[in-house]
$ cat query-v8.cif   # mmCIF, C-alpha atoms and all ligand atoms
data_protein
loop_
_atom_site.group_PDB
_atom_site.id
_atom_site.type_symbol
_atom_site.label_atom_id
_atom_site.label_comp_id
_atom_site.auth_asym_id
_atom_site.auth_seq_id
_atom_site.Cartn_x
_atom_site.Cartn_y
_atom_site.Cartn_z
ATOM 1 C CA MET B 1 -16.568 -6.508 16.919
ATOM 2 C CA ALA B 2 -15.628 -3.382 18.867
ATOM 3 C CA SER B 3 -15.750 -0.306 16.717
ATOM 4 C CA THR B 4 -12.971 1.998 15.613
ATOM 5 C CA THR B 5 -13.689 5.714 15.573
ATOM 6 C CA ASP B 6 -12.524 8.334 13.141
ATOM 7 C CA GLY B 7 -9.816 10.650 14.333
ATOM 8 C CA ALA B 8 -7.717 13.103 12.378
ATOM 9 C CA ALA B 9 -3.979 12.537 12.875
ATOM 10 C CA SER B 10 -2.638 15.312 15.097
ATOM 11 C CA ALA B 11 0.393 17.363 14.113
ATOM 12 C CA THR B 12 2.382 15.619 16.862
ATOM 13 C CA SER B 13 1.501 12.097 15.672
ATOM 14 C CA PRO B 14 4.611 10.107 14.626
ATOM 15 C CA ASN B 15 2.968 9.583 11.230
ATOM 16 C CA ALA B 16 1.724 13.172 10.779
ATOM 17 C CA GLU B 17 3.869 13.894 7.713
ATOM 18 C CA THR B 18 3.046 10.527 6.138
ATOM 19 C CA THR B 19 -0.638 11.219 6.704
ATOM 20 C CA GLN B 20 -0.336 14.595 5.011
ATOM 21 C CA ALA B 21 1.360 12.933 2.024
ATOM 22 C CA TRP B 22 -1.219 10.125 1.699
ATOM 23 C CA ASP B 23 -4.203 12.396 2.190
ATOM 24 C CA GLY B 24 -2.817 15.016 -0.204
ATOM 25 C CA PRO B 25 -0.603 14.507 -3.266
ATOM 26 C CA LEU B 26 -0.493 10.710 -3.054
ATOM 27 C CA PHE B 27 -4.286 10.423 -2.877
ATOM 28 C CA ASP B 28 -4.527 12.657 -5.965
ATOM 29 C CA ARG B 29 -2.013 10.490 -7.853
ATOM 30 C CA PHE B 30 -3.555 7.175 -6.788
ATOM 31 C CA GLU B 31 -6.967 8.485 -7.841
ATOM 32 C CA ARG B 32 -5.654 9.611 -11.229
ATOM 33 C CA PHE B 33 -4.042 6.240 -11.969
ATOM 34 C CA ARG B 34 -6.453 4.100 -9.977
ATOM 35 C CA PRO B 35 -7.327 1.542 -12.707
ATOM 36 C CA ILE B 36 -3.641 0.808 -13.381
ATOM 37 C CA VAL B 37 -2.565 0.865 -9.739
ATOM 38 C CA THR B 38 -5.341 -1.312 -8.396
ATOM 39 C CA THR B 39 -5.085 -3.846 -11.250
ATOM 40 C CA GLY B 40 -1.311 -4.193 -10.768
ATOM 41 C CA LEU B 41 -1.451 -4.340 -6.984
ATOM 42 C CA GLY B 42 -4.574 -6.492 -7.310
ATOM 43 C CA ALA B 43 -2.677 -9.396 -8.864
ATOM 44 C CA HIS B 44 -0.517 -9.650 -5.726
ATOM 45 C CA GLY B 45 -3.453 -9.161 -3.350
ATOM 46 C CA GLU B 46 -5.488 -11.874 -5.082
ATOM 47 C CA ALA B 47 -2.554 -14.294 -4.805
ATOM 48 C CA ALA B 48 -2.355 -13.641 -1.051
ATOM 49 C CA LEU B 49 -6.117 -14.152 -0.645
ATOM 50 C CA GLU B 50 -5.905 -17.391 -2.607
ATOM 51 C CA ILE B 51 -3.156 -18.765 -0.338
ATOM 52 C CA PHE B 52 -4.843 -17.519 2.862
ATOM 53 C CA PRO B 53 -8.567 -17.267 2.020
ATOM 54 C CA PRO B 54 -10.710 -15.602 4.690
ATOM 55 C CA ALA B 55 -13.372 -18.084 5.796
ATOM 56 C CA ALA B 56 -17.122 -17.477 5.841
ATOM 57 C CA GLY B 57 -18.157 -15.738 9.042
ATOM 58 C CA GLN B 58 -14.700 -14.399 9.919
ATOM 59 C CA ARG B 59 -13.936 -10.896 11.200
ATOM 60 C CA VAL B 60 -11.180 -9.267 9.201
ATOM 61 C CA LEU B 61 -9.161 -6.046 9.492
ATOM 62 C CA ASP B 62 -7.919 -4.486 6.216
ATOM 63 C CA ILE B 63 -4.877 -2.349 7.070
ATOM 64 C CA GLY B 64 -4.133 0.762 4.993
ATOM 65 C CA CYS B 65 -7.169 -0.144 2.899
ATOM 66 C CA GLY B 66 -6.922 2.810 0.483
ATOM 67 C CA PHE B 67 -10.007 2.935 -1.761
ATOM 68 C CA GLY B 68 -11.292 -0.215 -0.068
ATOM 69 C CA ASP B 69 -11.331 -2.566 -3.034
ATOM 70 C CA THR B 70 -9.657 -5.365 -1.030
ATOM 71 C CA THR B 71 -12.071 -4.656 1.834
ATOM 72 C CA LEU B 72 -15.028 -5.255 -0.508
ATOM 73 C CA ARG B 73 -13.368 -8.355 -1.970
ATOM 74 C CA ILE B 74 -12.838 -9.820 1.519
ATOM 75 C CA ALA B 75 -16.424 -8.898 2.448
ATOM 76 C CA GLU B 76 -17.602 -11.149 -0.396
ATOM 77 C CA MET B 77 -15.407 -13.973 0.890
ATOM 78 C CA VAL B 78 -16.530 -13.800 4.546
ATOM 79 C CA GLY B 79 -20.172 -13.487 3.483
ATOM 80 C CA PRO B 80 -23.081 -11.933 5.379
ATOM 81 C CA GLY B 81 -22.114 -13.697 8.632
ATOM 82 C CA GLY B 82 -18.667 -12.082 8.613
ATOM 83 C CA GLU B 83 -17.464 -8.482 8.883
ATOM 84 C CA VAL B 84 -14.577 -6.475 7.484
ATOM 85 C CA ALA B 85 -13.144 -3.283 8.976
ATOM 86 C CA GLY B 86 -11.116 -1.176 6.541
ATOM 87 C CA VAL B 87 -8.795 1.325 8.220
ATOM 88 C CA ASP B 88 -6.626 3.995 6.671
ATOM 89 C CA VAL B 89 -4.828 7.031 8.036
ATOM 90 C CA ALA B 90 -5.942 9.220 5.109
ATOM 91 C CA PRO B 91 -9.514 10.557 5.441
ATOM 92 C CA ARG B 92 -9.919 11.047 1.671
ATOM 93 C CA PHE B 93 -9.345 7.342 0.984
ATOM 94 C CA ILE B 94 -11.877 6.438 3.677
ATOM 95 C CA GLU B 95 -14.469 8.885 2.294
ATOM 96 C CA THR B 96 -14.182 7.258 -1.134
ATOM 97 C CA ALA B 97 -14.260 3.730 0.294
ATOM 98 C CA ARG B 98 -17.378 4.491 2.374
ATOM 99 C CA ARG B 99 -19.174 6.120 -0.522
ATOM 100 C CA GLU B 100 -18.449 3.249 -2.910
ATOM 101 C CA ALA B 101 -19.430 0.563 -0.381
ATOM 102 C CA GLY B 102 -22.701 2.467 0.173
ATOM 103 C CA GLU B 103 -23.328 2.718 -3.571
ATOM 104 C CA ALA B 104 -22.696 -1.037 -3.892
ATOM 105 C CA SER B 105 -25.022 -1.688 -0.903
ATOM 106 C CA VAL B 106 -22.387 -3.760 0.883
ATOM 107 C CA THR B 107 -23.461 -4.032 4.485
ATOM 108 C CA ASN B 108 -20.760 -6.162 6.137
ATOM 109 C CA VAL B 109 -17.945 -3.579 5.857
ATOM 110 C CA ARG B 110 -17.057 -0.609 8.028
ATOM 111 C CA PHE B 111 -14.437 2.009 7.250
ATOM 112 C CA SER B 112 -12.586 4.171 9.771
ATOM 113 C CA VAL B 113 -9.837 6.737 9.702
ATOM 114 C CA ALA B 114 -7.118 5.299 11.951
ATOM 115 C CA ASP B 115 -3.367 5.345 12.277
ATOM 116 C CA VAL B 116 -2.657 1.657 12.839
ATOM 117 C CA GLN B 117 0.475 2.548 14.804
ATOM 118 C CA THR B 118 -1.279 4.619 17.462
ATOM 119 C CA ASP B 119 -5.072 4.199 17.323
ATOM 120 C CA ALA B 120 -7.348 1.528 18.762
ATOM 121 C CA LEU B 121 -8.282 -0.856 15.942
ATOM 122 C CA GLY B 122 -11.347 -2.576 17.371
ATOM 123 C CA GLY B 123 -11.507 -6.338 17.053
ATOM 124 C CA GLN B 124 -10.910 -8.973 17.986
ATOM 125 C CA TYR B 125 -10.195 -10.051 14.392
ATOM 126 C CA ASP B 126 -9.535 -13.509 12.996
ATOM 127 C CA LEU B 127 -7.389 -12.086 10.209
ATOM 128 C CA ALA B 128 -5.501 -8.844 9.609
ATOM 129 C CA PHE B 129 -4.828 -8.370 5.900
ATOM 130 C CA SER B 130 -2.885 -5.700 4.072
ATOM 131 C CA ARG B 131 -2.126 -5.110 0.414
ATOM 132 C CA PHE B 132 0.855 -2.730 0.375
ATOM 133 C CA GLY B 133 -0.419 -0.816 3.427
ATOM 134 C CA THR B 134 2.263 -1.650 6.020
ATOM 135 C CA MET B 135 5.460 -0.125 4.610
ATOM 136 C CA PHE B 136 4.956 3.465 5.684
ATOM 137 C CA PHE B 137 4.926 3.436 9.509
ATOM 138 C CA ALA B 138 7.406 5.590 11.452
ATOM 139 C CA ASN B 139 7.680 2.673 13.897
ATOM 140 C CA PRO B 140 6.761 -0.645 12.218
ATOM 141 C CA VAL B 141 7.285 -2.722 15.381
ATOM 142 C CA ALA B 142 4.819 -0.555 17.324
ATOM 143 C CA ALA B 143 2.291 -0.648 14.464
ATOM 144 C CA LEU B 144 2.520 -4.405 13.979
ATOM 145 C CA ARG B 145 2.275 -4.940 17.741
ATOM 146 C CA ASN B 146 -0.897 -2.827 17.793
ATOM 147 C CA ILE B 147 -2.297 -4.927 14.944
ATOM 148 C CA ARG B 148 -1.362 -8.119 16.813
ATOM 149 C CA SER B 149 -3.255 -7.011 19.906
ATOM 150 C CA SER B 150 -6.390 -6.612 17.787
ATOM 151 C CA LEU B 151 -6.199 -10.300 16.707
ATOM 152 C CA VAL B 152 -7.724 -13.276 18.489
ATOM 153 C CA ALA B 153 -5.232 -15.810 19.873
ATOM 154 C CA GLY B 154 -4.184 -17.844 16.851
ATOM 155 C CA GLY B 155 -5.338 -15.076 14.484
ATOM 156 C CA ARG B 156 -3.305 -14.493 11.360
ATOM 157 C CA LEU B 157 -1.601 -11.495 9.788
ATOM 158 C CA VAL B 158 -1.220 -11.598 5.986
ATOM 159 C CA MET B 159 0.549 -8.679 4.322
ATOM 160 C CA VAL B 160 1.785 -8.108 0.791
ATOM 161 C CA VAL B 161 4.948 -6.004 0.533
ATOM 162 C CA TRP B 162 7.328 -5.239 -2.317
ATOM 163 C CA ARG B 163 10.475 -7.356 -2.590
ATOM 164 C CA ARG B 164 13.787 -5.792 -3.591
ATOM 165 C CA ARG B 165 13.953 -2.993 -6.117
ATOM 166 C CA ILE B 166 15.953 -4.909 -8.701
ATOM 167 C CA ASP B 167 13.118 -7.430 -9.118
ATOM 168 C CA ASN B 168 10.656 -4.561 -9.605
ATOM 169 C CA ASP B 169 12.674 -3.091 -12.388
ATOM 170 C CA TRP B 170 9.962 -0.808 -13.810
ATOM 171 C CA LEU B 171 10.127 1.155 -10.535
ATOM 172 C CA TYR B 172 13.877 0.799 -10.023
ATOM 173 C CA ARG B 173 14.788 1.644 -13.599
ATOM 174 C CA ALA B 174 12.543 4.711 -13.463
ATOM 175 C CA GLN B 175 14.218 5.720 -10.190
ATOM 176 C CA THR B 176 17.756 5.411 -11.594
ATOM 177 C CA ILE B 177 16.760 7.260 -14.777
ATOM 178 C CA VAL B 178 15.278 10.128 -12.771
ATOM 179 C CA GLU B 179 18.228 10.180 -10.355
ATOM 180 C CA GLY B 180 20.557 10.532 -13.342
ATOM 181 C CA ILE B 181 18.794 13.740 -14.388
ATOM 182 C CA VAL B 182 17.232 15.282 -11.261
ATOM 183 C CA SER B 183 18.960 15.330 -7.898
ATOM 184 C CA ARG B 184 16.823 14.660 -4.848
ATOM 185 C CA PRO B 185 16.654 18.052 -3.109
ATOM 186 C CA GLU B 186 18.094 18.290 0.396
ATOM 187 C CA GLU B 187 15.330 20.651 1.444
ATOM 188 C CA TYR B 188 11.704 20.488 0.332
ATOM 189 C CA GLU B 189 8.264 21.701 1.297
ATOM 190 C CA GLU B 190 6.347 18.590 0.269
ATOM 191 C CA PRO B 191 5.455 15.887 2.834
ATOM 192 C CA THR B 192 7.067 12.449 2.305
ATOM 193 C CA CYS B 193 5.361 9.075 2.570
ATOM 194 C CA GLY B 194 7.413 7.643 5.452
ATOM 195 C CA PRO B 195 9.899 4.759 5.176
ATOM 196 C CA GLY B 196 8.624 3.945 1.677
ATOM 197 C CA PRO B 197 7.500 1.118 -0.575
ATOM 198 C CA PHE B 198 10.675 -0.982 -0.234
ATOM 199 C CA SER B 199 11.024 -0.736 3.545
ATOM 200 C CA MET B 200 9.962 -4.384 4.029
ATOM 201 C CA ALA B 201 11.844 -5.817 1.058
ATOM 202 C CA GLU B 202 14.628 -7.327 3.139
ATOM 203 C CA ALA B 203 13.407 -10.689 4.448
ATOM 204 C CA ASP B 204 15.514 -10.813 7.624
ATOM 205 C CA THR B 205 14.617 -7.259 8.631
ATOM 206 C CA THR B 206 10.919 -7.926 8.081
ATOM 207 C CA SER B 207 10.904 -11.225 9.964
ATOM 208 C CA ASP B 208 12.804 -9.555 12.853
ATOM 209 C CA ILE B 209 10.236 -6.730 12.953
ATOM 210 C CA LEU B 210 7.435 -9.323 13.173
ATOM 211 C CA GLN B 211 9.176 -11.293 15.893
ATOM 212 C CA GLN B 212 9.819 -8.123 17.905
ATOM 213 C CA ALA B 213 6.133 -7.268 17.503
ATOM 214 C CA GLY B 214 5.284 -10.610 19.127
ATOM 215 C CA TYR B 215 4.231 -12.758 16.154
ATOM 216 C CA ALA B 216 5.011 -16.455 15.707
ATOM 217 C CA ASP B 217 5.193 -18.705 12.609
ATOM 218 C CA VAL B 218 6.622 -15.956 10.410
ATOM 219 C CA CYS B 219 6.708 -17.014 6.776
ATOM 220 C CA LEU B 220 7.611 -15.046 3.627
ATOM 221 C CA ARG B 221 6.625 -16.443 0.212
ATOM 222 C CA ARG B 222 7.983 -14.868 -2.907
ATOM 223 C CA TYR B 223 5.383 -14.064 -5.576
ATOM 224 C CA ASP B 224 6.384 -12.927 -9.076
ATOM 225 C CA VAL B 225 3.981 -11.796 -11.760
ATOM 226 C CA PRO B 226 4.159 -9.425 -14.736
ATOM 227 C CA ILE B 227 1.822 -6.471 -14.212
ATOM 228 C CA LEU B 228 0.367 -3.839 -16.518
ATOM 229 C CA ILE B 229 2.018 -0.479 -15.785
ATOM 230 C CA GLY B 230 0.310 1.436 -18.585
ATOM 231 C CA ARG B 231 -2.143 0.775 -21.413
ATOM 232 C CA ASP B 232 0.476 2.399 -23.647
ATOM 233 C CA ILE B 233 3.963 3.810 -23.213
ATOM 234 C CA ASP B 234 2.666 7.348 -22.617
ATOM 235 C CA GLU B 235 0.551 6.171 -19.701
ATOM 236 C CA ALA B 236 3.425 4.064 -18.271
ATOM 237 C CA ILE B 237 5.677 7.141 -18.363
ATOM 238 C CA GLU B 238 3.067 9.213 -16.517
ATOM 239 C CA VAL B 239 2.565 6.424 -13.931
ATOM 240 C CA VAL B 240 6.258 6.229 -12.949
ATOM 241 C CA PHE B 241 6.531 10.022 -13.263
ATOM 242 C CA ALA B 242 3.859 10.361 -10.574
ATOM 243 C CA LEU B 243 4.291 7.316 -8.330
ATOM 244 C CA GLY B 244 6.985 5.218 -6.654
ATOM 245 C CA PRO B 245 10.549 6.354 -5.930
ATOM 246 C CA ALA B 246 10.920 8.222 -9.261
ATOM 247 C CA GLY B 247 7.661 10.075 -8.703
ATOM 248 C CA GLU B 248 8.753 10.922 -5.156
ATOM 249 C CA ILE B 249 12.029 12.567 -6.316
ATOM 250 C CA LEU B 250 10.167 14.582 -8.966
ATOM 251 C CA ARG B 251 7.466 15.607 -6.497
ATOM 252 C CA LEU B 252 10.013 16.776 -3.903
ATOM 253 C CA ALA B 253 12.008 18.668 -6.540
ATOM 254 C CA GLY B 254 8.783 20.377 -7.687
ATOM 255 C CA ASP B 255 9.079 23.368 -9.998
ATOM 256 C CA ARG B 256 12.849 23.488 -9.521
ATOM 257 C CA ALA B 257 13.065 20.479 -11.896
ATOM 258 C CA ALA B 258 10.321 21.574 -14.315
ATOM 259 C CA HIS B 259 12.896 22.438 -16.996
ATOM 260 C CA LEU B 260 14.137 18.807 -16.851
ATOM 261 C CA HIS B 261 10.734 17.117 -17.243
ATOM 262 C CA ASP B 262 10.926 16.710 -21.038
ATOM 263 C CA GLU B 263 14.367 15.130 -20.736
ATOM 264 C CA VAL B 264 13.097 12.785 -17.982
ATOM 265 C CA ARG B 265 10.075 11.747 -20.073
ATOM 266 C CA GLY B 266 12.340 11.060 -23.071
ATOM 267 C CA ALA B 267 14.709 8.918 -21.006
ATOM 268 C CA LEU B 268 11.781 7.032 -19.431
ATOM 269 C CA ARG B 269 10.363 6.330 -22.908
ATOM 270 C CA THR B 270 13.632 4.655 -23.892
ATOM 271 C CA GLY B 271 14.072 2.922 -20.527
ATOM 272 C CA LEU B 272 10.566 1.416 -20.398
ATOM 273 C CA ALA B 273 10.349 0.517 -24.115
ATOM 274 C CA GLU B 274 11.395 -3.108 -23.625
ATOM 275 C CA PHE B 275 8.301 -3.744 -21.483
ATOM 276 C CA GLU B 276 5.886 -2.676 -24.254
ATOM 277 C CA ASP B 277 3.859 -5.326 -26.091
ATOM 278 C CA ALA B 278 0.724 -5.347 -28.221
ATOM 279 C CA GLU B 279 -1.570 -5.014 -25.177
ATOM 280 C CA GLY B 280 0.291 -2.292 -23.316
ATOM 281 C CA VAL B 281 3.315 -2.002 -21.061
ATOM 282 C CA ARG B 282 3.793 -5.068 -18.856
ATOM 283 C CA ALA B 283 6.736 -5.435 -16.483
ATOM 284 C CA PRO B 284 7.967 -8.079 -14.031
ATOM 285 C CA SER B 285 7.030 -7.422 -10.404
ATOM 286 C CA SER B 286 7.844 -9.249 -7.202
ATOM 287 C CA THR B 287 6.460 -9.267 -3.655
ATOM 288 C CA TRP B 288 6.625 -11.101 -0.373
ATOM 289 C CA ILE B 289 3.332 -12.543 0.782
ATOM 290 C CA VAL B 290 4.092 -12.453 4.486
ATOM 291 C CA SER B 291 2.146 -14.451 7.044
ATOM 292 C CA ALA B 292 2.460 -14.681 10.814
ATOM 293 C CA THR B 293 0.243 -15.626 13.716
ATOM 294 C CA ALA B 294 -0.650 -13.993 17.010
ATOM 295 C CA PRO B 295 0.186 -16.491 19.776
HETATM 296 C C1 LIG I 301 0.255 1.881 -1.312
HETATM 297 S S1 LIG I 301 -1.239 2.374 -0.571
HETATM 298 C C2 LIG I 301 -2.142 0.842 -0.600
HETATM 299 C C3 LIG I 301 -3.639 1.047 -0.534
HETATM 300 C C4 LIG I 301 -4.478 -0.233 -0.693
HETATM 301 N N1 LIG I 301 -4.186 -1.208 0.343
HETATM 302 C C5 LIG I 301 -4.308 -0.845 -2.059
HETATM 303 O O1 LIG I 301 -3.669 -1.906 -2.171
HETATM 304 O O2 LIG I 301 -4.820 -0.261 -3.040
HETATM 305 C C6 LIG I 301 -0.801 2.511 1.157
HETATM 306 C C7 LIG I 301 -1.959 2.897 2.073
HETATM 307 O O3 LIG I 301 -1.516 2.819 3.439
HETATM 308 C C8 LIG I 301 -2.095 3.908 4.145
HETATM 309 N N2 LIG I 301 -1.290 4.165 5.358
HETATM 310 C C9 LIG I 301 -0.014 4.636 5.414
HETATM 311 N N3 LIG I 301 0.369 4.764 6.707
HETATM 312 C C10 LIG I 301 -0.671 4.357 7.480
HETATM 313 C C11 LIG I 301 -0.888 4.273 8.884
HETATM 314 N N4 LIG I 301 0.047 4.650 9.769
HETATM 315 N N5 LIG I 301 -2.086 3.806 9.328
HETATM 316 C C12 LIG I 301 -3.065 3.445 8.447
HETATM 317 N N6 LIG I 301 -2.920 3.527 7.096
HETATM 318 C C13 LIG I 301 -1.735 3.965 6.616
HETATM 319 C C14 LIG I 301 -2.072 5.048 3.136
HETATM 320 O O4 LIG I 301 -2.930 6.099 3.469
HETATM 321 C C15 LIG I 301 -2.462 4.319 1.840
HETATM 322 O O5 LIG I 301 -3.831 4.305 1.627
#
$ encode --input "query-v8.cif" --output "structure tokens"
Amino acid sequence: MASTTDGAASATSPNAETTQAWDGPLFDRFERFRPIVTTGLGAHGEAALEIFPPAAGQRVLDIGCGFGDTTLRIAEMVGPGGEVAGVDVAPRFIETARREAGEASVTNVRFSVADVQTDALGGQYDLAFSRFGTMFFANPVAALRNIRSSLVAGGRLVMVVWRRRIDNDWLYRAQTIVEGIVSRPEEYEEPTCGPGPFSMAEADTTSDILQQAGYADVCLRRYDVPILIGRDIDEAIEVVFALGPAGEILRLAGDRAAHLHDEVRGALRTGLAEFEDAEGVRAPSSTWIVSATAP
């Protein structure tokens, strides 16, 4: 497997602002809520790996690998004869992933800082996998084409992306509640995360992007599962306050909306109450498990 090398995204990179967001405030928020985020996202990732299990001995690319928990999971599945390369544009995620893989003495993984839209990805890989790591590219066709050229002929892309907002009501409801109280500022200092978590929710748009990027056999499977969004209502409020579209509006508004935070938290408490049960706050969630092959 050719190696990828670390490179910091330059200020002129098309994903420079996204990189700043993921390596800065979004890393901090994902780290703070890591157990909740990775368990919730994990249910969708596990479903994708069950439908398309990496085989022993395969070489796999994990796109936008974050903390690297899917990279380690895939490393177990491909076994000592296989290899997994985790890539992420945010150096802080890669530092954590490398450290944890080292602590766990996993030897068949490698982590690199790379923008999958513009950097060489190594390969050739039998499988390119992504759990929620492909929705933030400035140019998704260019990024997915770059991923395709790192696959062997007949290699497969499997990516998990959010379906439409209305079927992920914990995020959508939080967004509409926040929008009713805080207006998204027209000007802001904070970096944004690129096209955003719902940019691949529309099936026709996503399948067109994949076809334009040169993939064949495009298939989208809907996967629905309730996920834990907080061990109690207070945690669920803080999760949506910090992450997703609601968190993004609040982050961009910054201190200008500080006087509205108590009102927002109160409205979120009412809005999320119906998802609370004896074990925590559990809400419906829905994704596409997208697969396609490199001809
Ligand atoms: C929602 S997080 C998902 C992280 C991880 N896959 C998981 O499921 O926990 C999205 C990840 O994509 C990464 N990312 C965004 N744009 C990227 C790009 N152009 N190239 C590589 N990684 C990117 C972010 O840094 C972030 O770690």
$ residues_around --input "query-v8.cif" --residues "Ile233 (chain B)" --least-positions-apart "2" --cutoff "7 Å" --atoms "all atoms listed in the file" --output "ChimeraX atom specification"
/B:230,235-237,269,276,281
$ atom_distance --input "query-v8.cif" --atom1 "CA of Val60 (chain B)" --atom2 "CA of Ala138 (chain B)"
23.9 Å
$ resolve_selection --input "query-v8.cif" --expression "the PyMOL selection byres (((not hetatm)) within 8 of (chain I and resi 301))" --output "PyMOL selection string"
chain B and resi 15+18-19+22-23+27+37-38+41-42+45+62-70+87-90+93+113-118+130-138+143+193-194+197
$ resolve_selection --input "query-v8.cif" --expression "the PyMOL selection byres (((chain B and resi 146) around 12) and not hetatm)" --output "ChimeraX atom specification"
/B:63,114-124,128,137,139-145,147-151,157,210,212-215,294
$ resolve_selection --input "query-v8.cif" --expression "the PyMOL selection byres (((chain B and resi 279) around 10) and not hetatm)" --output "ChimeraX atom specification"
/B:228,230-232,276-278,280-282
$ closest_residue --input "query-v8.cif" --among "B:Ala242, B:Ala258, B:Val84, B:Met159" --to "Ala47 (chain B)" --atoms "only C-alpha atoms"
B:Met159
$ atom_distance --input "query-v8.cif" --atom1 "CA of Glu263 (chain B)" --atom2 "CA of Pro284 (chain B)"
25.0 Å
$ atom_distance --input "query-v8.cif" --atom1 "CA of Tyr188 (chain B)" --atom2 "CA of Glu248 (chain B)"
11.4 Å
$ closest_residue --input "query-v8.cif" --among "B:Arg73, B:Gly266, B:Pro245, B:Leu272" --to "Gln175 (chain B)" --atoms "only C-alpha atoms"
B:Pro245
$ residues_around --input "query-v8.cif" --residues "Gly154 (chain B)" --least-positions-apart "5" --cutoff "9 Å" --atoms "only C-alpha atoms" --output "list in words"
Asp126, Thr293, Ala294 and Pro295 of chain B
$ axis_aligned_box --input "query-v8.cif" --around "region 107-123 of chain B" --padding-each-side "6 Å" --output "AutoDock Vina command-line options"
--center_x -11.5 --center_y 0.2 --center_z 11.6 --size_x 35.9 --size_y 25.1 --size_z 26.3
$ closest_residue --input "query-v8.cif" --among "B:Ala55, B:Thr192, B:Ala201, B:Glu103" --to "Gly247 (chain B)" --atoms "all atoms listed in the file"
B:Thr192
$ residues_around --input "query-v8.cif" --residues "Arg164 (chain B)" --least-positions-apart "3" --cutoff "10 Å" --atoms "all atoms listed in the file" --output "PyMOL selection string"
chain B and resi 161+167-169+172+197-203+285-288
$ write_last_selection --input "query-v8.cif" --atoms "C-alpha atoms" --output "compact mmCIF listing (two decimals), in the frame of the given file"
# COMPACT_ATOMS: atom_id res chain seq x y z
CA VAL B 161 4.95 -6.00 0.53
CA ASP B 167 13.12 -7.43 -9.12
CA ASN B 168 10.66 -4.56 -9.60
CA ASP B 169 12.67 -3.09 -12.39
CA TYR B 172 13.88 0.80 -10.02
CA PRO B 197 7.50 1.12 -0.57
CA PHE B 198 10.68 -0.98 -0.23
CA SER B 199 11.02 -0.74 3.54
CA MET B 200 9.96 -4.38 4.03
CA ALA B 201 11.84 -5.82 1.06
CA GLU B 202 14.63 -7.33 3.14
CA ALA B 203 13.41 -10.69 4.45
CA SER B 285 7.03 -7.42 -10.40
CA SER B 286 7.84 -9.25 -7.20
CA THR B 287 6.46 -9.27 -3.66
CA TRP B 288 6.62 -11.10 -0.37
$ residues_around --input "query-v8.cif" --residues "Ala267 (chain B)" --least-positions-apart "2" --cutoff "10 Å" --atoms "only C-alpha atoms" --output "list in words"
Ala174, Ile177, Val178, Gly180, Ile181, Ile237, His261, Asp262, Glu263, Val264, Arg265, Arg269, Thr270, Gly271, Leu272 and Ala273 of chain B
$ closest_residue --input "query-v8.cif" --among "B:Glu76, B:Asp208, B:Glu46, B:Glu31" --to "Thr96 (chain B)" --atoms "all atoms listed in the file"
B:Glu31
$ closest_residue --input "query-v8.cif" --among "B:Arg173, B:His44, B:Arg110, B:Arg34" --to "Thr71 (chain B)" --atoms "all atoms listed in the file"
B:Arg110
$ closest_residue --input "query-v8.cif" --among "B:Arg221, B:Phe33, B:Pro226, B:Ile166" --to "Phe275 (chain B)" --atoms "only C-alpha atoms"
B:Pro226
$ residues_around --input "query-v8.cif" --residues "Leu250 (chain B)" --least-positions-apart "4" --cutoff "8 Å" --atoms "only C-alpha atoms" --output "list in words"
Val178, Val182, Arg184, Phe241, Ala242, Ala246, Gly254 and Ala257 of chain B
$ write_last_selection --input "query-v8.cif" --atoms "C-alpha atoms" --output "short mmCIF file (atom, residue, chain, number, x, y, z; two decimals), in the coordinates of the input"
data_model
loop_
_atom_site.label_atom_id
_atom_site.label_comp_id
_atom_site.auth_asym_id
_atom_site.auth_seq_id
_atom_site.Cartn_x
_atom_site.Cartn_y
_atom_site.Cartn_z
CA VAL B 178 15.28 10.13 -12.77
CA VAL B 182 17.23 15.28 -11.26
CA ARG B 184 16.82 14.66 -4.85
CA PHE B 241 6.53 10.02 -13.26
CA ALA B 242 3.86 10.36 -10.57
CA ALA B 246 10.92 8.22 -9.26
CA GLY B 254 8.78 20.38 -7.69
CA ALA B 257 13.06 20.48 -11.90
#
$ build_atoms --input "query-v8.cif" --residues "region 97-103 of chain B" --atoms "N, CA and C atoms" --output "compact mmCIF listing (two decimals), in the coordinates of the input"
# COMPACT_ATOMS: atom_id res chain seq x y z
N ALA B 97 -13.93 5.13 0.01
CA ALA B 97 -14.26 3.73 0.29
C ALA B 97 -15.68 3.62 0.85
N ARG B 98 -16.02 4.50 1.77
CA ARG B 98 -17.38 4.49 2.37
C ARG B 98 -18.44 4.75 1.32
N ARG B 99 -18.18 5.75 0.49
CA ARG B 99 -19.17 6.12 -0.52
C ARG B 99 -19.42 4.95 -1.48
N GLU B 100 -18.31 4.33 -1.92
CA GLU B 100 -18.45 3.25 -2.91
C GLU B 100 -19.10 2.01 -2.29
N ALA B 101 -18.78 1.72 -1.04
CA ALA B 101 -19.43 0.56 -0.38
C ALA B 101 -20.93 0.83 -0.25
N GLY B 102 -21.29 2.09 0.07
CA GLY B 102 -22.70 2.47 0.17
C GLY B 102 -23.39 2.31 -1.18
N GLU B 103 -22.73 2.81 -2.23
CA GLU B 103 -23.33 2.72 -3.57
C GLU B 103 -23.52 1.26 -3.99
